[in-house]
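Just below is one structure, and these are the notes that go with it.
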Amino acid sequence: MSVLSLKNVTKRFGGLTAVDNVSFDIEQGEIFGLIGPNGAGKTTIFNLITSIYSITEGQVYFCDQKLERLKPFEIANMGITRTFQNIRLFKKLTAYDNVLTACHKSADYSIFSSIIRWFGKFKIQEKNLNKKTDELLKLMGLWEYRDIVASNLPYGLQRKLEIARALALDPKLLLLDEPAAGMNPEETMQLMELIREIREKFDLTVLIIEHHMDLIMGVCDRIFVLNFGIPLALGTPKEIQEDKKVIEAYLGKEEKNYAECQ
């Protein structure tokens with residue numbers, strides 16, 4: 001079953017075509033990579049899926065439901081959550097409160113219950129939300145940093161905190177925009193294992209943009225390649241590594257042999 005389908009999606013900004021006739025399907029439980037050189041249109045696709053940008057042409061479907069004209073919060077409520085290339089945490093809140101705030105999306109007690117705090121339903125749900133926050137922080141390796149204000153965390157830990165906050169919204173599809181940015185090689189390898197664990201633990205489908213090729217090739221089931229907004233290739237990591245068009249897009253055309261120029 002396809003969780004996400006893009007069908008002939010195009011996005012134009014005036015005379016600039018940022019995404020040109022892109023189509024792909026992501027299956028349930030798949031870790032799907034989206035790669036390409038800088039300016040290829042990768043983050044634009046995330047913004048189209050989440051309705052930050054409107055689509056010029058084409059359609060996006062989530063579990064067979066068309067996402068056209070939905071607002072970003074409505075798409076989040078359907079089960080699509082994301083992280084951002086430029087981190088967007090609640091910078092003045094602690095790591096704990098960043099996650100707890102997101103967990104409150106699932107609370108269903110009334111305003112009256114929240115004011116009269118001894119009310120049973122409120123107390124039970126608050127206990128469960130705190131437990132969920134604890135579990136997410138421990139899963140992401142952030143438990144010892146729970147009382148630190150988000151803006152004071154190292155960049156790599158802020159990335160992890162943003163993932164924890166996205167998971168707090170109980171997604172079906174998780175969009176990760178360069179989650180390894182700012183991480184050293186060891187942290188990147190740990191993140192690779194963490195993404196696999198998240199997929200299994202939460203029964204998630206994951207769409208990931210990343211420039212760290214070791215992570216993409218090591219964690220993705222399939223990879224879609226863009227170049228200047230145009231679809232270039234789709235395949236397994238091995239197929240993508242061996243694709244001449246992909247190699248050319250990243251490294252440039254092969255130069256003539258030096259001896260031939262003499």
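Residue names in the structure tokens use chain letters A, B, ... in the order shown, residue numbers from 1 in each chain, and ligand numbers from 1 in the order shown.
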
Give me the residues within 7 Å of Lys172 of chain A as a PyMOL selection string, counting only C-alpha atoms and dropping any in the same chain fewer than 3 places off.
-> chain A and resi 79-80+204-205

Residue subset to file, keeping N, CA and C atoms, as a PDB file, in the first residue's frame:
ATOM      1  N   GLY A  79      -1.465  12.833  10.130  1.00  0.00           N
ATOM      2  CA  GLY A  79      -0.390  11.897  10.463  1.00  0.00           C
ATOM      3  C   GLY A  79       0.914  12.118   9.720  1.00  0.00           C
ATOM      4  N   ILE A  80       1.122  13.327   9.181  1.00  0.00           N
ATOM      5  CA  ILE A  80       2.395  13.670   8.534  1.00  0.00           C
ATOM      6  C   ILE A  80       3.095  14.715   9.392  1.00  0.00           C
ATOM      7  N   LEU A 204       6.537   3.205  11.395  1.00  0.00           N
ATOM      8  CA  LEU A 204       6.545   4.429  10.613  1.00  0.00           C
ATOM      9  C   LEU A 204       6.985   4.200   9.182  1.00  0.00           C
ATOM     10  N   THR A 205       6.572   5.102   8.333  1.00  0.00           N
ATOM     11  CA  THR A 205       7.157   5.283   7.009  1.00  0.00           C
ATOM     12  C   THR A 205       7.971   6.568   7.082  1.00  0.00           C
TER      13      THR A 205
END

So which residues touch Cys220 of chain A within 7 Å, counting only C-alpha atoms, skipping near sequence neighbours fewer than 6 positions away, as a PyMOL selection string?
-> chain A and resi 31-33

Quick one: write out the picked residues with N, CA and C atoms as a PDB file, in the first residue's frame?
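The result, stored in selection_13.pdb:
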ATOM      1  N   ILE A  31      11.729   3.221   4.215  1.00  0.00           N
ATOM      2  CA  ILE A  31      12.590   4.391   4.421  1.00  0.00           C
ATOM      3  C   ILE A  31      13.038   4.825   3.035  1.00  0.00           C
ATOM      4  N   PHE A  32      12.577   5.990   2.623  1.00  0.00           N
ATOM      5  CA  PHE A  32      12.715   6.453   1.243  1.00  0.00           C
ATOM      6  C   PHE A  32      13.571   7.704   1.235  1.00  0.00           C
ATOM      7  N   GLY A  33      14.642   7.687   0.454  1.00  0.00           N
ATOM      8  CA  GLY A  33      15.559   8.815   0.412  1.00  0.00           C
ATOM      9  C   GLY A  33      15.264   9.744  -0.750  1.00  0.00           C
TER      10      GLY A  33
END

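The closest residue to Gly36 of chain A, picked from A:Asn8, A:Asn227, A:Ser2, A:Ser51 and counting only C-alpha atoms, is A:Asn227.
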
Do you know which residues are at most 10 Å from Lys71 of chain A counting only C-alpha atoms, after dropping those on the same chain fewer than 2 positions away, and could you put them as a ChimeraX atom specification?
-> /A:50-52,54,67-69,73-77

Could you please write out, as a PDB file with N, CA and C atoms, in the first residue's frame, every residue of segment 5-217 of chain A that DSSP assigns to strand (DSSP E or B)?
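What landed in part_22.pdb:
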ATOM      1  N   SER A   5       1.910   9.398  -2.326  1.00  0.00           N
ATOM      2  CA  SER A   5       2.038   9.368  -3.781  1.00  0.00           C
ATOM      3  C   SER A   5       2.114  10.787  -4.316  1.00  0.00           C
ATOM      4  N   LEU A   6       3.149  11.061  -5.090  1.00  0.00           N
ATOM      5  CA  LEU A   6       3.244  12.310  -5.833  1.00  0.00           C
ATOM      6  C   LEU A   6       2.999  11.986  -7.297  1.00  0.00           C
ATOM      7  N   LYS A   7       2.070  12.695  -7.910  1.00  0.00           N
ATOM      8  CA  LYS A   7       1.704  12.429  -9.299  1.00  0.00           C
ATOM      9  C   LYS A   7       1.892  13.695 -10.134  1.00  0.00           C
ATOM     10  N   ASN A   8       2.940  13.695 -10.940  1.00  0.00           N
ATOM     11  CA  ASN A   8       3.222  14.792 -11.869  1.00  0.00           C
ATOM     12  C   ASN A   8       3.231  16.156 -11.171  1.00  0.00           C
ATOM     13  N   VAL A   9       3.900  16.216 -10.026  1.00  0.00           N
ATOM     14  CA  VAL A   9       3.918  17.437  -9.220  1.00  0.00           C
ATOM     15  C   VAL A   9       4.901  18.454  -9.794  1.00  0.00           C
ATOM     16  N   THR A  10       4.396  19.669  -9.986  1.00  0.00           N
ATOM     17  CA  THR A  10       5.212  20.777 -10.488  1.00  0.00           C
ATOM     18  C   THR A  10       4.993  21.992  -9.606  1.00  0.00           C
ATOM     19  N   LYS A  11       6.081  22.721  -9.335  1.00  0.00           N
ATOM     20  CA  LYS A  11       5.988  23.967  -8.591  1.00  0.00           C
ATOM     21  C   LYS A  11       6.781  25.045  -9.312  1.00  0.00           C
ATOM     22  N   ARG A  12       6.081  26.138  -9.632  1.00  0.00           N
ATOM     23  CA  ARG A  12       6.741  27.282 -10.265  1.00  0.00           C
ATOM     24  C   ARG A  12       6.668  28.487  -9.338  1.00  0.00           C
ATOM     25  N   PHE A  13       7.766  29.224  -9.279  1.00  0.00           N
ATOM     26  CA  PHE A  13       7.805  30.509  -8.596  1.00  0.00           C
ATOM     27  C   PHE A  13       8.037  31.556  -9.689  1.00  0.00           C
ATOM     28  N   LEU A  16      10.452  30.667 -12.591  1.00  0.00           N
ATOM     29  CA  LEU A  16      11.362  29.604 -12.167  1.00  0.00           C
ATOM     30  C   LEU A  16      10.581  28.334 -11.851  1.00  0.00           C
ATOM     31  N   THR A  17      10.947  27.229 -12.477  1.00  0.00           N
ATOM     32  CA  THR A  17      10.355  25.925 -12.169  1.00  0.00           C
ATOM     33  C   THR A  17      11.260  25.218 -11.168  1.00  0.00           C
ATOM     34  N   ALA A  18      10.829  25.163  -9.917  1.00  0.00           N
ATOM     35  CA  ALA A  18      11.649  24.569  -8.858  1.00  0.00           C
ATOM     36  C   ALA A  18      11.515  23.052  -8.812  1.00  0.00           C
ATOM     37  N   VAL A  19      10.317  22.556  -9.132  1.00  0.00           N
ATOM     38  CA  VAL A  19      10.043  21.118  -9.177  1.00  0.00           C
ATOM     39  C   VAL A  19       9.272  20.862 -10.466  1.00  0.00           C
ATOM     40  N   ASP A  20       9.739  19.901 -11.260  1.00  0.00           N
ATOM     41  CA  ASP A  20       9.197  19.732 -12.604  1.00  0.00           C
ATOM     42  C   ASP A  20       8.722  18.302 -12.849  1.00  0.00           C
ATOM     43  N   ASN A  21       7.388  18.102 -12.752  1.00  0.00           N
ATOM     44  CA  ASN A  21       6.763  16.840 -13.135  1.00  0.00           C
ATOM     45  C   ASN A  21       7.328  15.643 -12.349  1.00  0.00           C
ATOM     46  N   VAL A  22       7.300  15.739 -11.035  1.00  0.00           N
ATOM     47  CA  VAL A  22       7.853  14.701 -10.160  1.00  0.00           C
ATOM     48  C   VAL A  22       6.761  13.714  -9.747  1.00  0.00           C
ATOM     49  N   SER A  23       7.056  12.431  -9.905  1.00  0.00           N
ATOM     50  CA  SER A  23       6.134  11.369  -9.490  1.00  0.00           C
ATOM     51  C   SER A  23       6.920  10.271  -8.768  1.00  0.00           C
ATOM     52  N   PHE A  24       6.420   9.854  -7.618  1.00  0.00           N
ATOM     53  CA  PHE A  24       6.928   8.657  -6.953  1.00  0.00           C
ATOM     54  C   PHE A  24       5.915   8.200  -5.915  1.00  0.00           C
ATOM     55  N   ASP A  25       6.030   6.930  -5.511  1.00  0.00           N
ATOM     56  CA  ASP A  25       5.182   6.337  -4.473  1.00  0.00           C
ATOM     57  C   ASP A  25       6.066   5.797  -3.371  1.00  0.00           C
ATOM     58  N   ILE A  26       5.640   6.002  -2.129  1.00  0.00           N
ATOM     59  CA  ILE A  26       6.360   5.453  -0.975  1.00  0.00           C
ATOM     60  C   ILE A  26       5.457   4.441  -0.290  1.00  0.00           C
ATOM     61  N   GLU A  27       5.969   3.230  -0.100  1.00  0.00           N
ATOM     62  CA  GLU A  27       5.182   2.144   0.461  1.00  0.00           C
ATOM     63  C   GLU A  27       5.210   2.162   1.989  1.00  0.00           C
ATOM     64  N   ILE A  31      11.729   3.221   4.215  1.00  0.00           N
ATOM     65  CA  ILE A  31      12.590   4.391   4.421  1.00  0.00           C
ATOM     66  C   ILE A  31      13.038   4.825   3.035  1.00  0.00           C
ATOM     67  N   PHE A  32      12.577   5.990   2.623  1.00  0.00           N
ATOM     68  CA  PHE A  32      12.715   6.453   1.243  1.00  0.00           C
ATOM     69  C   PHE A  32      13.571   7.704   1.235  1.00  0.00           C
ATOM     70  N   GLY A  33      14.642   7.687   0.454  1.00  0.00           N
ATOM     71  CA  GLY A  33      15.559   8.815   0.412  1.00  0.00           C
ATOM     72  C   GLY A  33      15.264   9.744  -0.750  1.00  0.00           C
ATOM     73  N   LEU A  34      15.463  11.031  -0.510  1.00  0.00           N
ATOM     74  CA  LEU A  34      15.317  12.053  -1.545  1.00  0.00           C
ATOM     75  C   LEU A  34      16.624  12.835  -1.584  1.00  0.00           C
ATOM     76  N   ILE A  35      17.368  12.697  -2.679  1.00  0.00           N
ATOM     77  CA  ILE A  35      18.685  13.318  -2.750  1.00  0.00           C
ATOM     78  C   ILE A  35      18.834  14.127  -4.042  1.00  0.00           C
ATOM     79  N   GLU A  57       0.979  22.338 -10.384  1.00  0.00           N
ATOM     80  CA  GLU A  57       0.323  21.276 -11.148  1.00  0.00           C
ATOM     81  C   GLU A  57       0.576  19.948 -10.451  1.00  0.00           C
ATOM     82  N   GLY A  58      -0.352  18.983 -10.667  1.00  0.00           N
ATOM     83  CA  GLY A  58      -0.183  17.648 -10.109  1.00  0.00           C
ATOM     84  C   GLY A  58      -0.940  17.462  -8.809  1.00  0.00           C
ATOM     85  N   GLN A  59      -0.759  16.289  -8.209  1.00  0.00           N
ATOM     86  CA  GLN A  59      -1.466  15.946  -6.982  1.00  0.00           C
ATOM     87  C   GLN A  59      -0.538  15.213  -6.007  1.00  0.00           C
ATOM     88  N   VAL A  60      -0.842  15.377  -4.721  1.00  0.00           N
ATOM     89  CA  VAL A  60      -0.186  14.613  -3.661  1.00  0.00           C
ATOM     90  C   VAL A  60      -1.271  13.872  -2.891  1.00  0.00           C
ATOM     91  N   TYR A  61      -1.056  12.559  -2.685  1.00  0.00           N
ATOM     92  CA  TYR A  61      -2.010  11.730  -1.952  1.00  0.00           C
ATOM     93  C   TYR A  61      -1.326  11.118  -0.739  1.00  0.00           C
ATOM     94  N   PHE A  62      -2.026  11.133   0.385  1.00  0.00           N
ATOM     95  CA  PHE A  62      -1.561  10.482   1.612  1.00  0.00           C
ATOM     96  C   PHE A  62      -2.594   9.431   1.987  1.00  0.00           C
ATOM     97  N   GLN A  65      -5.770   9.805   0.205  1.00  0.00           N
ATOM     98  CA  GLN A  65      -6.502  11.052   0.402  1.00  0.00           C
ATOM     99  C   GLN A  65      -5.728  12.208  -0.224  1.00  0.00           C
ATOM    100  N   LYS A  66      -6.402  12.995  -1.028  1.00  0.00           N
ATOM    101  CA  LYS A  66      -5.766  14.112  -1.709  1.00  0.00           C
ATOM    102  C   LYS A  66      -5.483  15.232  -0.714  1.00  0.00           C
ATOM    103  N   ILE A  80       1.122  13.327   9.181  1.00  0.00           N
ATOM    104  CA  ILE A  80       2.395  13.670   8.534  1.00  0.00           C
ATOM    105  C   ILE A  80       3.095  14.715   9.392  1.00  0.00           C
ATOM    106  N   THR A  81       4.261  14.401   9.894  1.00  0.00           N
ATOM    107  CA  THR A  81       5.036  15.386  10.649  1.00  0.00           C
ATOM    108  C   THR A  81       6.440  15.480  10.053  1.00  0.00           C
ATOM    109  N   ARG A  82       7.135  16.575  10.372  1.00  0.00           N
ATOM    110  CA  ARG A  82       8.423  16.818   9.734  1.00  0.00           C
ATOM    111  C   ARG A  82       9.396  17.521  10.663  1.00  0.00           C
ATOM    112  N   THR A  94      12.807  24.151  27.806  1.00  0.00           N
ATOM    113  CA  THR A  94      13.727  23.041  28.015  1.00  0.00           C
ATOM    114  C   THR A  94      13.453  21.947  26.987  1.00  0.00           C
ATOM    115  N   VAL A 149      17.772  24.268  28.400  1.00  0.00           N
ATOM    116  CA  VAL A 149      17.019  25.069  27.430  1.00  0.00           C
ATOM    117  C   VAL A 149      17.478  24.695  26.019  1.00  0.00           C
ATOM    118  N   LEU A 173       3.671   9.113   8.825  1.00  0.00           N
ATOM    119  CA  LEU A 173       4.748   9.428   7.889  1.00  0.00           C
ATOM    120  C   LEU A 173       5.612  10.516   8.503  1.00  0.00           C
ATOM    121  N   LEU A 174       6.918  10.245   8.604  1.00  0.00           N
ATOM    122  CA  LEU A 174       7.861  11.195   9.192  1.00  0.00           C
ATOM    123  C   LEU A 174       8.786  11.712   8.096  1.00  0.00           C
ATOM    124  N   LEU A 175       8.818  13.045   7.929  1.00  0.00           N
ATOM    125  CA  LEU A 175       9.680  13.688   6.949  1.00  0.00           C
ATOM    126  C   LEU A 175      10.886  14.275   7.670  1.00  0.00           C
ATOM    127  N   LEU A 176      12.067  13.830   7.321  1.00  0.00           N
ATOM    128  CA  LEU A 176      13.297  14.287   7.973  1.00  0.00           C
ATOM    129  C   LEU A 176      14.116  15.082   6.971  1.00  0.00           C
ATOM    130  N   ASP A 177      14.307  16.375   7.246  1.00  0.00           N
ATOM    131  CA  ASP A 177      15.043  17.253   6.345  1.00  0.00           C
ATOM    132  C   ASP A 177      16.458  17.470   6.886  1.00  0.00           C
ATOM    133  N   THR A 205       6.572   5.102   8.333  1.00  0.00           N
ATOM    134  CA  THR A 205       7.157   5.283   7.009  1.00  0.00           C
ATOM    135  C   THR A 205       7.971   6.568   7.082  1.00  0.00           C
ATOM    136  N   VAL A 206       9.171   6.564   6.495  1.00  0.00           N
ATOM    137  CA  VAL A 206      10.090   7.700   6.633  1.00  0.00           C
ATOM    138  C   VAL A 206      10.529   8.186   5.256  1.00  0.00           C
ATOM    139  N   LEU A 207      10.434   9.486   5.047  1.00  0.00           N
ATOM    140  CA  LEU A 207      10.989  10.146   3.863  1.00  0.00           C
ATOM    141  C   LEU A 207      12.103  11.060   4.352  1.00  0.00           C
ATOM    142  N   ILE A 208      13.299  10.882   3.801  1.00  0.00           N
ATOM    143  CA  ILE A 208      14.458  11.582   4.344  1.00  0.00           C
ATOM    144  C   ILE A 208      15.258  12.289   3.251  1.00  0.00           C
ATOM    145  N   ILE A 209      15.575  13.560   3.490  1.00  0.00           N
ATOM    146  CA  ILE A 209      16.517  14.329   2.677  1.00  0.00           C
ATOM    147  C   ILE A 209      17.842  14.352   3.432  1.00  0.00           C
TER     148      ILE A 209
END

Name all residues at most 9 Å from Leu89 of chain A (count only C-alpha atoms; drop same-chain ones fewer than 4 positions away) and give them as an MDAnalysis selection string.
-> chainID A and resid 93 98 150:151 158 161:162 165

Could you find all residues in segment 2-206 of chain A that DSSP calls helix (DSSP H, G or I) from the backbone, and write them as a PyMOL selection string?
-> chain A and resi 42-49+72-78+95-106+111-115+120-139+143-145+150-152+155-167+185-202
